[in-house]
Amino acid sequence: MLRNLGIVSIDEPDNPTMSHKHANLLREIFHDPINTNIHWREIESLLKHLGAEVESLSGARIRVKLGHAEGILHRPHHGGNTLDRNSVQHLRELLGRGGATPALYEAAQKEGEERDRKTRS
């Protein structure tokens with residue numbers, strides 16, 4: 001499932017690993033207490049990198065399909081471009097159901113490093 005989300009090992013050039021920026025954002029999303037200084041444009045970039053399908057609905061709602069998970073998120077509006085607590089919580093749940101969590105990313109990263117180390121030996 002990690003391959004479908006763009007979370008793959010370093011030695012697969014057709015599927016690059018997650019950038020440090022995206023990896024840090026993923027950790028930030030799952031960090032407690034909830035950070036309310038997460039910008040929507042960063043979320044859009046992360047979702048695109050993970051291979052999510054994003055569809056605009058009416059108003060500020062968007063449908064996101066990530067792996068086998070699907071959910072509705074709300075773009076921030078009315079003077080702000082950062083997510084509130086509830087929006088971050090919904091995003092966490094969607095990413096978790098879609099298999100994009102910091103723990104899974106770090107496991108895939110270690111697996112890629114071990115595979116890379118074995119091929120060099």
# chains A, B, ... in the order shown; residues from 1 in each chain; ligands from 1
>>> residues_around(residues="Arg63 in chain A", least_positions_apart="5", cutoff="8 Å", atoms="only C-alpha atoms", output="ChimeraX atom specification")
/A:53-57,70-73
>>> write_last_selection(atoms="N, CA and C atoms", output="PDB file, in the first residue's frame")
ATOM      1  N   GLU A  53      -6.764  11.499  -5.083  1.00  0.00           N
ATOM      2  CA  GLU A  53      -7.664  12.126  -6.049  1.00  0.00           C
ATOM      3  C   GLU A  53      -8.462  13.174  -5.298  1.00  0.00           C
ATOM      4  N   VAL A  54      -8.441  14.397  -5.796  1.00  0.00           N
ATOM      5  CA  VAL A  54      -9.121  15.505  -5.141  1.00  0.00           C
ATOM      6  C   VAL A  54     -10.176  16.056  -6.092  1.00  0.00           C
ATOM      7  N   GLU A  55     -11.400  16.158  -5.603  1.00  0.00           N
ATOM      8  CA  GLU A  55     -12.523  16.641  -6.417  1.00  0.00           C
ATOM      9  C   GLU A  55     -13.215  17.777  -5.672  1.00  0.00           C
ATOM     10  N   SER A  56     -13.359  18.915  -6.334  1.00  0.00           N
ATOM     11  CA  SER A  56     -14.070  20.043  -5.729  1.00  0.00           C
ATOM     12  C   SER A  56     -15.566  19.762  -5.708  1.00  0.00           C
ATOM     13  N   LEU A  57     -16.171  20.059  -4.590  1.00  0.00           N
ATOM     14  CA  LEU A  57     -17.623  19.944  -4.437  1.00  0.00           C
ATOM     15  C   LEU A  57     -18.170  21.353  -4.243  1.00  0.00           C
ATOM     16  N   GLU A  70     -11.842   7.324   1.596  1.00  0.00           N
ATOM     17  CA  GLU A  70     -12.479   8.479   0.967  1.00  0.00           C
ATOM     18  C   GLU A  70     -13.084   9.346   2.053  1.00  0.00           C
ATOM     19  N   GLY A  71     -12.979  10.655   1.893  1.00  0.00           N
ATOM     20  CA  GLY A  71     -13.550  11.556   2.874  1.00  0.00           C
ATOM     21  C   GLY A  71     -13.766  12.941   2.306  1.00  0.00           C
ATOM     22  N   ILE A  72     -14.479  13.742   3.041  1.00  0.00           N
ATOM     23  CA  ILE A  72     -14.760  15.127   2.668  1.00  0.00           C
ATOM     24  C   ILE A  72     -13.950  16.036   3.590  1.00  0.00           C
ATOM     25  N   LEU A  73     -13.190  16.942   3.011  1.00  0.00           N
ATOM     26  CA  LEU A  73     -12.457  17.946   3.776  1.00  0.00           C
ATOM     27  C   LEU A  73     -13.005  19.317   3.403  1.00  0.00           C
TER      28      LEU A  73
END
>>> residues_around(residues="Ile34 in chain A", least_positions_apart="5", cutoff="10 Å", atoms="only C-alpha atoms", output="CSV table (one decimal) with C-alpha atoms, in the first residue's frame")
chain,number,residue,atom,x,y,z
A,28,GLU,CA,3.1,17.8,12.3
A,29,ILE,CA,-0.4,16.7,11.3
A,84,ASP,CA,-8.7,24.6,12.5
A,85,ARG,CA,-8.6,21.8,15.1
A,86,ASN,CA,-11.6,19.9,13.6
A,88,VAL,CA,-6.8,18.8,11.2
A,89,GLN,CA,-8.6,15.9,13.1
>>> select_by_dssp(residues="chain A", states="helix (DSSP H, G or I)", output="PyMOL selection string")
chain A and resi 3-5+20-30+40-50+85-98+102-120
>>> write_last_selection(atoms="C-alpha atoms", output="PDB file, in the first residue's frame")
ATOM      1  CA  ARG A   3       3.875   2.206  -3.034  1.00  0.00           C
ATOM      2  CA  ASN A   4       0.434   3.541  -4.033  1.00  0.00           C
ATOM      3  CA  LEU A   5       0.877   6.497  -1.702  1.00  0.00           C
ATOM      4  CA  HIS A  20      11.662  16.260   4.059  1.00  0.00           C
ATOM      5  CA  LYS A  21       9.049  19.009   3.788  1.00  0.00           C
ATOM      6  CA  HIS A  22       6.225  16.513   3.250  1.00  0.00           C
ATOM      7  CA  ALA A  23       7.573  14.111   5.890  1.00  0.00           C
ATOM      8  CA  ASN A  24       7.740  16.919   8.470  1.00  0.00           C
ATOM      9  CA  LEU A  25       4.227  18.045   7.538  1.00  0.00           C
ATOM     10  CA  LEU A  26       2.926  14.494   7.985  1.00  0.00           C
ATOM     11  CA  ARG A  27       4.505  14.343  11.469  1.00  0.00           C
ATOM     12  CA  GLU A  28       3.073  17.770  12.257  1.00  0.00           C
ATOM     13  CA  ILE A  29      -0.445  16.653  11.289  1.00  0.00           C
ATOM     14  CA  PHE A  30      -0.261  13.647  13.636  1.00  0.00           C
ATOM     15  CA  TRP A  40      -4.044  24.575   3.176  1.00  0.00           C
ATOM     16  CA  ARG A  41      -1.585  24.893   0.252  1.00  0.00           C
ATOM     17  CA  GLU A  42       0.809  22.559   2.100  1.00  0.00           C
ATOM     18  CA  ILE A  43      -2.013  20.023   2.557  1.00  0.00           C
ATOM     19  CA  GLU A  44      -2.854  20.198  -1.153  1.00  0.00           C
ATOM     20  CA  SER A  45       0.790  19.583  -2.016  1.00  0.00           C
ATOM     21  CA  LEU A  46       1.006  16.612   0.376  1.00  0.00           C
ATOM     22  CA  LEU A  47      -2.202  15.060  -0.955  1.00  0.00           C
ATOM     23  CA  LYS A  48      -0.949  15.442  -4.531  1.00  0.00           C
ATOM     24  CA  HIS A  49       2.369  13.840  -3.606  1.00  0.00           C
ATOM     25  CA  LEU A  50       0.566  10.914  -1.960  1.00  0.00           C
ATOM     26  CA  ARG A  85      -8.600  21.767  15.076  1.00  0.00           C
ATOM     27  CA  ASN A  86     -11.570  19.898  13.612  1.00  0.00           C
ATOM     28  CA  SER A  87     -10.158  20.102  10.086  1.00  0.00           C
ATOM     29  CA  VAL A  88      -6.785  18.755  11.238  1.00  0.00           C
ATOM     30  CA  GLN A  89      -8.573  15.923  13.077  1.00  0.00           C
ATOM     31  CA  HIS A  90     -10.566  15.011   9.941  1.00  0.00           C
ATOM     32  CA  LEU A  91      -7.375  15.129   7.882  1.00  0.00           C
ATOM     33  CA  ARG A  92      -5.628  12.817  10.387  1.00  0.00           C
ATOM     34  CA  GLU A  93      -8.461  10.321  10.174  1.00  0.00           C
ATOM     35  CA  LEU A  94      -8.457  10.356   6.369  1.00  0.00           C
ATOM     36  CA  LEU A  95      -4.677   9.946   6.142  1.00  0.00           C
ATOM     37  CA  GLY A  96      -4.758   7.157   8.730  1.00  0.00           C
ATOM     38  CA  ARG A  97      -7.473   5.249   6.860  1.00  0.00           C
ATOM     39  CA  GLY A  98      -5.527   5.799   3.631  1.00  0.00           C
ATOM     40  CA  PRO A 102       4.358   8.918  10.115  1.00  0.00           C
ATOM     41  CA  ALA A 103       4.940   5.381  11.449  1.00  0.00           C
ATOM     42  CA  LEU A 104       4.284   3.776   8.046  1.00  0.00           C
ATOM     43  CA  TYR A 105       6.474   6.353   6.295  1.00  0.00           C
ATOM     44  CA  GLU A 106       9.359   5.787   8.704  1.00  0.00           C
ATOM     45  CA  ALA A 107       9.041   1.992   8.357  1.00  0.00           C
ATOM     46  CA  ALA A 108       9.144   2.274   4.557  1.00  0.00           C
ATOM     47  CA  GLN A 109      12.122   4.616   4.787  1.00  0.00           C
ATOM     48  CA  LYS A 110      14.071   2.172   6.987  1.00  0.00           C
ATOM     49  CA  GLU A 111      13.189  -0.707   4.662  1.00  0.00           C
ATOM     50  CA  GLY A 112      14.495   1.287   1.703  1.00  0.00           C
ATOM     51  CA  GLU A 113      17.722   2.144   3.516  1.00  0.00           C
ATOM     52  CA  GLU A 114      18.289  -1.509   4.452  1.00  0.00           C
ATOM     53  CA  ARG A 115      17.625  -2.638   0.875  1.00  0.00           C
ATOM     54  CA  ASP A 116      19.994   0.046  -0.418  1.00  0.00           C
ATOM     55  CA  ARG A 117      22.684  -1.037   2.058  1.00  0.00           C
ATOM     56  CA  LYS A 118      22.359  -4.701   0.950  1.00  0.00           C
ATOM     57  CA  THR A 119      22.664  -3.840  -2.737  1.00  0.00           C
ATOM     58  CA  ARG A 120      25.874  -1.880  -2.084  1.00  0.00           C
TER      59      ARG A 120
END
>>> atom_distance(atom1="CA of Asn37 in chain A", atom2="CA of Ala69 in chain A")
25.0 Å
>>> atom_distance(atom1="CA of His77 in chain A", atom2="CA of Ala100 in chain A")
25.7 Å
>>> atom_distance(atom1="CA of Ser58 in chain A", atom2="CA of Pro76 in chain A")
13.7 Å
>>> select_by_dssp(residues="chain A", states="strand (DSSP E)", output="ChimeraX atom specification")
/A:53-56,61-66,69-74
